[in-house]
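Text of the file protein-v4.txt, holding compact mmCIF, C-alpha atoms:
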```
# COMPACT_ATOMS: atom_id res chain seq x y z
CA MET A 1 106.12 73.29 144.15
CA ASP A 2 104.82 75.58 141.40
CA GLU A 3 101.42 77.06 142.05
CA VAL A 4 98.53 76.60 139.65
CA GLU A 5 97.52 79.92 138.09
CA VAL A 6 94.13 80.25 136.44
CA VAL A 7 94.83 82.33 133.35
CA VAL A 8 91.28 82.31 132.01
CA ALA A 9 88.28 80.16 132.77
CA HIS A 10 84.65 80.08 131.65
CA SER A 11 82.07 77.47 130.70
CA GLU A 12 83.65 76.68 127.31
CA ARG A 13 87.36 76.41 128.14
CA ALA A 14 90.02 77.06 130.74
CA THR A 15 93.74 77.76 130.65
CA LEU A 16 95.99 77.02 133.61
CA ARG A 17 99.67 77.80 134.11
CA VAL A 18 101.95 75.58 136.16
CA GLY A 19 105.52 76.90 136.08
CA ASP A 20 106.53 77.15 132.44
CA VAL A 21 103.69 74.94 131.17
CA PHE A 22 100.25 76.06 130.05
CA LEU A 23 97.42 73.52 130.23
CA LYS A 24 94.47 74.27 127.95
CA VAL A 25 91.25 72.42 128.72
CA ASP A 26 88.60 72.72 126.03
CA ALA A 27 85.21 71.05 125.78
CA ASP A 28 85.39 71.37 121.98
CA GLN A 29 88.25 69.25 120.68
CA ALA A 30 87.79 70.73 117.20
CA ARG A 31 89.17 74.01 118.53
CA ILE A 32 92.27 72.22 119.81
CA ASP A 33 92.65 70.49 116.44
CA VAL A 34 92.61 73.87 114.72
CA GLU A 35 95.11 75.32 117.18
CA VAL A 36 97.64 72.52 116.78
CA GLU A 37 97.35 72.53 113.00
CA ALA A 38 97.61 76.32 112.73
CA MET A 39 100.72 76.49 114.91
CA ALA A 40 102.38 73.85 112.74
CA LEU A 41 101.60 75.85 109.58
CA ALA A 42 102.23 79.39 110.78
CA PRO A 43 105.65 80.83 109.73
CA VAL A 44 105.85 82.91 112.93
CA PRO A 45 106.94 82.12 116.52
CA THR A 46 104.41 79.91 118.30
CA PRO A 47 104.41 77.88 121.54
CA GLU A 48 105.94 74.40 121.57
CA VAL A 49 103.38 71.61 121.91
CA LEU A 50 104.58 69.43 124.80
CA TRP A 51 101.84 66.83 124.77
CA ARG A 52 98.16 66.36 124.11
CA LYS A 53 95.72 64.13 125.94
CA PRO A 54 92.12 65.19 125.25
CA PRO A 55 90.64 67.33 126.60
CA VAL A 56 94.02 68.83 127.62
CA LEU A 57 96.72 70.43 125.47
CA ALA A 58 100.06 71.23 127.13
CA LEU A 59 102.13 74.08 125.71
CA ALA A 60 105.49 75.52 126.71
CA ALA A 61 105.44 79.15 127.84
CA VAL A 62 106.88 81.60 125.33
CA PRO A 63 109.54 84.04 126.56
CA GLY A 64 108.92 87.73 127.09
CA ARG A 65 105.69 89.41 128.05
CA ALA A 66 102.41 90.28 126.38
CA LEU A 67 102.34 93.37 124.20
CA GLY A 68 99.73 94.79 126.55
CA ARG A 69 96.26 94.34 127.98
CA LEU A 70 92.92 95.78 126.96
CA GLY A 71 91.97 98.60 129.33
CA GLU A 72 95.56 99.34 130.36
CA PRO A 73 98.26 101.51 128.76
CA SER A 74 100.80 99.39 126.89
CA THR A 75 104.37 99.66 128.17
CA ALA A 76 105.74 98.15 124.95
CA SER A 77 107.76 100.47 122.74
CA PRO A 78 106.65 101.71 119.30
CA THR A 79 109.38 99.43 117.91
CA ALA A 80 107.77 96.40 119.56
CA TRP A 81 104.37 97.31 118.11
CA ALA A 82 105.96 97.71 114.67
CA ALA A 83 107.63 94.31 115.10
CA ALA A 84 104.19 92.83 115.77
CA GLY A 85 102.94 94.40 112.55
CA ALA A 86 105.84 92.86 110.60
CA VAL A 87 105.18 89.39 112.02
CA ILE A 88 101.49 89.66 111.18
CA ARG A 89 102.42 90.55 107.61
CA THR A 90 104.58 87.40 107.46
CA LEU A 91 101.57 85.37 108.57
CA HIS A 92 99.24 87.02 106.09
CA ASP A 93 101.69 86.40 103.23
CA ALA A 94 101.93 82.67 103.99
CA PRO A 95 99.87 80.04 102.15
CA ARG A 96 96.43 80.17 103.69
CA PRO A 97 94.65 77.19 105.26
CA ALA A 98 91.66 75.72 103.49
CA ARG A 99 89.58 76.14 106.64
CA ARG A 100 87.73 79.40 107.13
CA GLY A 101 88.66 81.01 110.44
CA ARG A 102 86.89 83.46 112.71
CA ALA A 103 88.16 86.33 110.55
CA GLY A 104 86.57 84.71 107.50
CA ARG A 105 82.89 84.72 108.39
CA GLY A 106 80.56 85.44 105.50
CA LEU A 107 79.27 88.99 105.07
CA GLU A 108 75.61 87.97 105.21
CA GLU A 109 76.17 85.95 108.39
CA LEU A 110 78.06 88.83 110.00
CA ALA A 111 75.41 91.38 109.08
CA THR A 112 72.64 89.15 110.47
CA ASP A 113 74.49 88.57 113.75
CA LEU A 114 75.35 92.26 114.03
CA ASP A 115 71.76 93.39 113.53
CA GLY A 116 70.59 90.83 116.08
CA GLU A 117 73.09 91.96 118.70
CA CYS A 118 72.31 95.64 118.12
CA GLU A 119 68.61 94.94 118.59
CA TRP A 120 69.31 92.98 121.79
CA LEU A 121 71.60 95.65 123.25
CA VAL A 122 68.96 98.34 122.80
CA ALA A 123 65.91 96.24 123.72
CA ASN A 124 67.50 95.17 127.00
CA GLY A 125 68.79 98.61 127.90
CA VAL A 126 72.40 97.48 127.87
CA LEU A 127 73.59 100.40 125.72
CA PRO A 128 71.95 103.65 124.57
CA ALA A 129 70.23 103.44 121.19
CA GLY A 130 72.26 106.36 119.81
CA LEU A 131 75.56 104.67 120.70
CA VAL A 132 74.49 101.41 119.08
CA THR A 133 73.13 103.10 115.96
CA ARG A 134 76.28 105.15 115.42
CA ASN A 135 78.57 102.16 115.79
CA ARG A 136 76.34 100.04 113.54
CA GLN A 137 76.84 102.71 110.89
CA VAL A 138 80.62 102.70 111.40
CA ALA A 139 80.69 98.88 111.30
CA GLU A 140 79.14 98.84 107.84
CA ALA A 141 82.54 99.62 106.26
CA ALA A 142 83.86 96.21 107.37
CA LEU A 143 81.14 94.41 105.40
CA ARG A 144 82.87 94.49 102.03
CA PRO A 145 84.65 92.00 99.76
CA TRP A 146 88.15 91.01 100.87
CA THR A 147 90.94 88.69 99.74
CA ALA A 148 91.41 85.73 102.07
CA VAL A 149 94.77 85.35 103.85
CA PHE A 150 96.17 83.23 106.70
CA THR A 151 94.65 84.91 109.77
CA HIS A 152 95.08 84.27 113.49
CA GLY A 153 91.45 85.18 114.15
CA ASP A 154 91.82 86.22 117.81
CA LEU A 155 94.89 88.44 117.78
CA GLN A 156 94.34 90.24 121.08
CA ILE A 157 97.40 92.04 122.45
CA THR A 158 97.55 89.53 125.30
CA HIS A 159 98.25 86.86 122.67
CA VAL A 160 101.38 88.56 121.26
CA PHE A 161 104.57 88.25 123.31
CA VAL A 162 107.63 90.44 122.88
CA ASP A 163 111.12 90.67 124.36
CA ASP A 164 113.73 93.32 123.51
CA ASP A 165 111.33 94.73 120.91
CA GLU A 166 111.09 91.39 119.07
CA VAL A 167 108.10 89.09 118.86
CA THR A 168 108.87 85.88 120.75
CA GLY A 169 105.57 84.09 120.30
CA ILE A 170 101.91 84.33 119.34
CA ILE A 171 99.53 82.15 121.35
CA ASP A 172 95.89 80.95 121.19
CA TRP A 173 95.35 79.82 117.60
CA SER A 174 91.96 78.12 117.96
CA GLU A 175 90.22 80.68 115.71
CA ALA A 176 92.86 80.59 112.94
CA GLY A 177 92.13 80.05 109.26
CA SER A 178 91.46 81.93 106.05
CA GLY A 179 90.03 85.37 106.61
CA ASP A 180 90.20 89.14 106.36
CA ALA A 181 93.68 90.55 107.06
CA LEU A 182 92.26 93.78 108.47
CA PHE A 183 90.33 91.83 111.11
CA ASP A 184 93.64 90.71 112.64
CA LEU A 185 95.06 94.23 112.58
CA ALA A 186 91.90 95.62 114.15
CA ILE A 187 91.77 93.07 116.98
CA LEU A 188 95.44 93.71 117.82
CA THR A 189 94.88 97.46 118.11
CA LEU A 190 91.40 97.38 119.71
CA GLY A 191 91.47 99.89 122.56
CA HIS A 192 95.00 100.95 121.61
CA GLU A 193 94.33 103.24 118.68
CA GLU A 194 97.44 105.24 119.52
CA HIS A 195 99.59 102.31 118.34
CA LEU A 196 97.81 101.69 115.04
CA GLY A 197 100.37 103.77 113.13
CA ASP A 198 103.25 101.74 114.59
CA VAL A 199 101.58 98.46 113.62
CA ILE A 200 100.86 99.66 110.08
CA ALA A 201 104.46 100.89 109.72
CA GLY A 202 105.71 97.42 110.59
CA TYR A 203 103.07 95.76 108.42
CA GLY A 204 104.62 97.57 105.51
CA THR A 205 101.66 98.37 103.27
CA ASP A 206 98.80 100.83 103.19
CA VAL A 207 95.54 99.66 104.72
CA ASP A 208 92.07 101.15 104.80
CA LEU A 209 91.87 102.78 108.24
CA ASP A 210 88.10 103.19 107.96
CA VAL A 211 87.80 99.40 107.74
CA ILE A 212 90.03 98.98 110.80
CA ARG A 213 87.78 101.36 112.74
CA ALA A 214 84.74 99.54 111.41
CA TRP A 215 86.06 96.25 112.76
CA TRP A 216 86.61 97.90 116.17
CA SER A 217 82.92 98.82 116.27
CA LEU A 218 81.70 95.53 114.82
CA ARG A 219 83.77 93.34 117.11
CA SER A 220 82.80 95.37 120.20
CA LEU A 221 79.07 95.29 119.39
CA LEU A 222 79.20 91.52 118.91
CA ALA A 223 81.25 90.94 122.06
CA VAL A 224 79.36 92.82 124.79
CA ARG A 225 76.70 90.19 125.52
CA TRP A 226 79.15 87.24 125.31
CA LEU A 227 81.69 88.91 127.60
CA ALA A 228 79.11 89.86 130.21
CA GLY A 229 77.71 86.33 130.17
CA HIS A 230 81.13 84.70 130.63
CA GLY A 231 82.44 86.64 133.61
CA PHE A 232 84.18 89.52 131.80
CA ASP A 233 83.39 93.23 132.04
CA PRO A 234 83.04 95.04 128.71
CA PHE A 235 82.22 98.23 130.66
CA ALA A 236 85.65 98.35 132.35
CA PRO A 237 87.67 101.49 131.51
CA GLY A 238 89.31 101.22 128.09
CA CYS A 239 87.40 98.08 127.11
CA GLU A 240 84.70 97.36 124.53
CA VAL A 241 82.07 99.87 125.62
CA ASP A 242 84.68 102.65 125.78
CA VAL A 243 85.79 101.63 122.28
CA LEU A 244 82.20 102.12 121.13
CA ARG A 245 81.97 105.49 122.89
CA SER A 246 85.15 106.66 121.17
CA ARG A 247 83.35 106.54 117.81
CA MET A 248 80.77 109.14 118.90
```
Take the structure I supplied and represent it as structure tokens, if you would.
Amino acid sequence: MDEVEVVVAHSERATLRVGDVFLKVDADQARIDVEVEAMALAPVPTPEVLWRKPPVLALAAVPGRALGRLGEPSTASPTAWAAAGAVIRTLHDAPRPARRGRAGRGLEELATDLDGECEWLVANGVLPAGLVTRNRQVAEAALRPWTAVFTHGDLQITHVFVDDDEVTGIIDWSEAGSGDALFDLAILTLGHEEHLGDVIAGYGTDVDLDVIRAWWSLRSLLAVRWLAGHGFDPFAPGCEVDVLRSRM
């Protein structure tokens, strides 16, 4: 009998793997609605939906392996990273959903949340004031007008699967919608700055690297409290706090 593997689990959602089937359990059915709709619209490889019975969504495993993991060196080739960039460009060029995704949050809302998190991180002694201030300055470059595209919204490297240097599937679409293209590129390369050039080469157009770096700082500042409160360690080597330190 196949064993049940807990892929990720916290108070909001859990993902289990049984053989070649992933079972996603989510307290918020709206997130599952978004995921199913986005996978149907996206012109890139996505998991097959096997069945859905709220609060559970069953998906077929995609072949290959994840592009990498945050905090660990990626064993994927530069060609595989470039292939990921090309697939992301295909997504961004597709007709965008009407719904605003995680990458499409308003600038005023983002700035308010960012200032609040920076204040909390310093007031509670979580991070040094100088580190927070410097990254808040870097993050400012992300708060600019942008043209909305079809974004994944949570394009971590663990969500992109490759085999023989080709992308075989992109998973976890619950944050998808219209948003900033550079947000996707930044999340993919967070903690793997050495592969940014490969991704951009595959993406096939010039991008503002200062904005990519700004999103690294912004996303990391916003994530530290949530990660620590949901059983993850943003202080682990190569993870969010190290990303913030790299901007000093």
Counting only C-alpha atoms, which residues in segment 163-220 of chain A sit no more than 8 Å from segment 147-152 of chain A? For each one, give the nearest pair of atoms and the distance in Å, sorted by chain then residue number, as CSV.
```
residue,atom,partner,partner_atom,distance
A:Trp173,CA,A:His152,CA,6.1
A:Glu175,CA,A:His152,CA,6.4
A:Ala176,CA,A:His152,CA,4.3
A:Gly177,CA,A:Thr151,CA,5.5
A:Ser178,CA,A:Phe150,CA,4.9
A:Gly179,CA,A:Ala148,CA,4.8
A:Asp180,CA,A:Ala148,CA,5.6
A:Ala181,CA,A:Val149,CA,6.2
A:Asp184,CA,A:Thr151,CA,6.5
```
- What gap, in Å, lies between atom CA of Val199 of chain A and atom CA of Ala42 of chain A? 19.3 Å
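Straight-line separation from atom CA of Trp81 of chain A to atom CA of Phe235 of chain A: 25.5 Å.
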- Could you check how far atom CA of Ala60 of chain A sits from atom CA of Ile157 of chain A, in Å to one decimal? 18.9 Å
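Nearest residue to Pro234 of chain A, choosing from A:Asp154, A:Ala9, A:Lys24, A:Leu70 and counting all atoms listed in the file: A:Leu70.
Distance check against Gly106 of chain A using only C-alpha atoms: of A:Leu143, A:Leu16, A:Ala86, A:Val7, the minimum falls on A:Leu143.
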- Message: For Ala142 of chain A, find every residue with an atom within 9 Å (counting all atoms listed in the file), except residues of its own chain fewer than 5 positions away, and show them as a ChimeraX atom specification.
- Response: /A:107,182-183,210-215,218
- Name all residues at most 12 Å from Cys239 of chain A (count all atoms listed in the file; drop same-chain ones fewer than 2 positions away) and give them as number ranges by chain. A: 69-73, 189-192, 216-217, 219-221, 223-224, 227, 232-237, 241-246
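Nearest-residue note for Leu121 of chain A: choosing from A:Asp163, A:Arg17, A:Ser174, A:Ala228, the minimum distance belongs to A:Ala228, counting only C-alpha atoms.
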- Message: Quick one: residues within 12 Å of Cys118 of chain A, all atoms listed in the file, excluding same-chain residues fewer than 4 positions away - as an MDAnalysis selection string?
- Response: chainID A and resid 111:114 122:137 139 217:225
Residues of segment 142-232 of chain A that have any atom at most 9 Å from an atom of segment 62-67 of chain A: could you tabulate them with the shortest-distance atom pair and the distance in Å to one decimal, using all atoms listed in the file, ordered by chain and increasing number, as CSV?
```
residue,atom,partner,partner_atom,distance
A:Ile157,CA,A:Leu67,CA,5.4
A:Thr158,CA,A:Ala66,CA,5.0
A:His159,CA,A:Ala66,CA,6.5
A:Val160,CA,A:Ala66,CA,5.5
A:Phe161,CA,A:Ala66,CA,4.3
A:Val162,CA,A:Gly64,CA,5.2
A:Asp163,CA,A:Gly64,CA,4.6
A:Asp164,CA,A:Gly64,CA,8.2
A:Val167,CA,A:Gly64,CA,8.4
A:Thr168,CA,A:Pro63,CA,6.1
A:Gly169,CA,A:Val62,CA,5.8
A:Ile170,CA,A:Val62,CA,8.2
A:Ile171,CA,A:Val62,CA,8.4
```
- Task: Write out as a PyMOL selection string each polymer residue whose atoms come within 9 Å of Leu23 of chain A, counting all atoms listed in the file; drop sequence neighbours fewer than 6 positions from it.
- Result: chain A and resi 14-17+56-59
- Could you name the residues that touch Ala201 of chain A at 12 Å or less, counting only C-alpha atoms, but leaving out those on the same chain fewer than 5 positions away, as a count of residues only? 17
- Note on the structure: Across A:Trp51, A:Trp120, A:Tyr203, A:Phe22, the smallest distance to Val8 of chain A, with only C-alpha atoms counted, is shown by A:Phe22
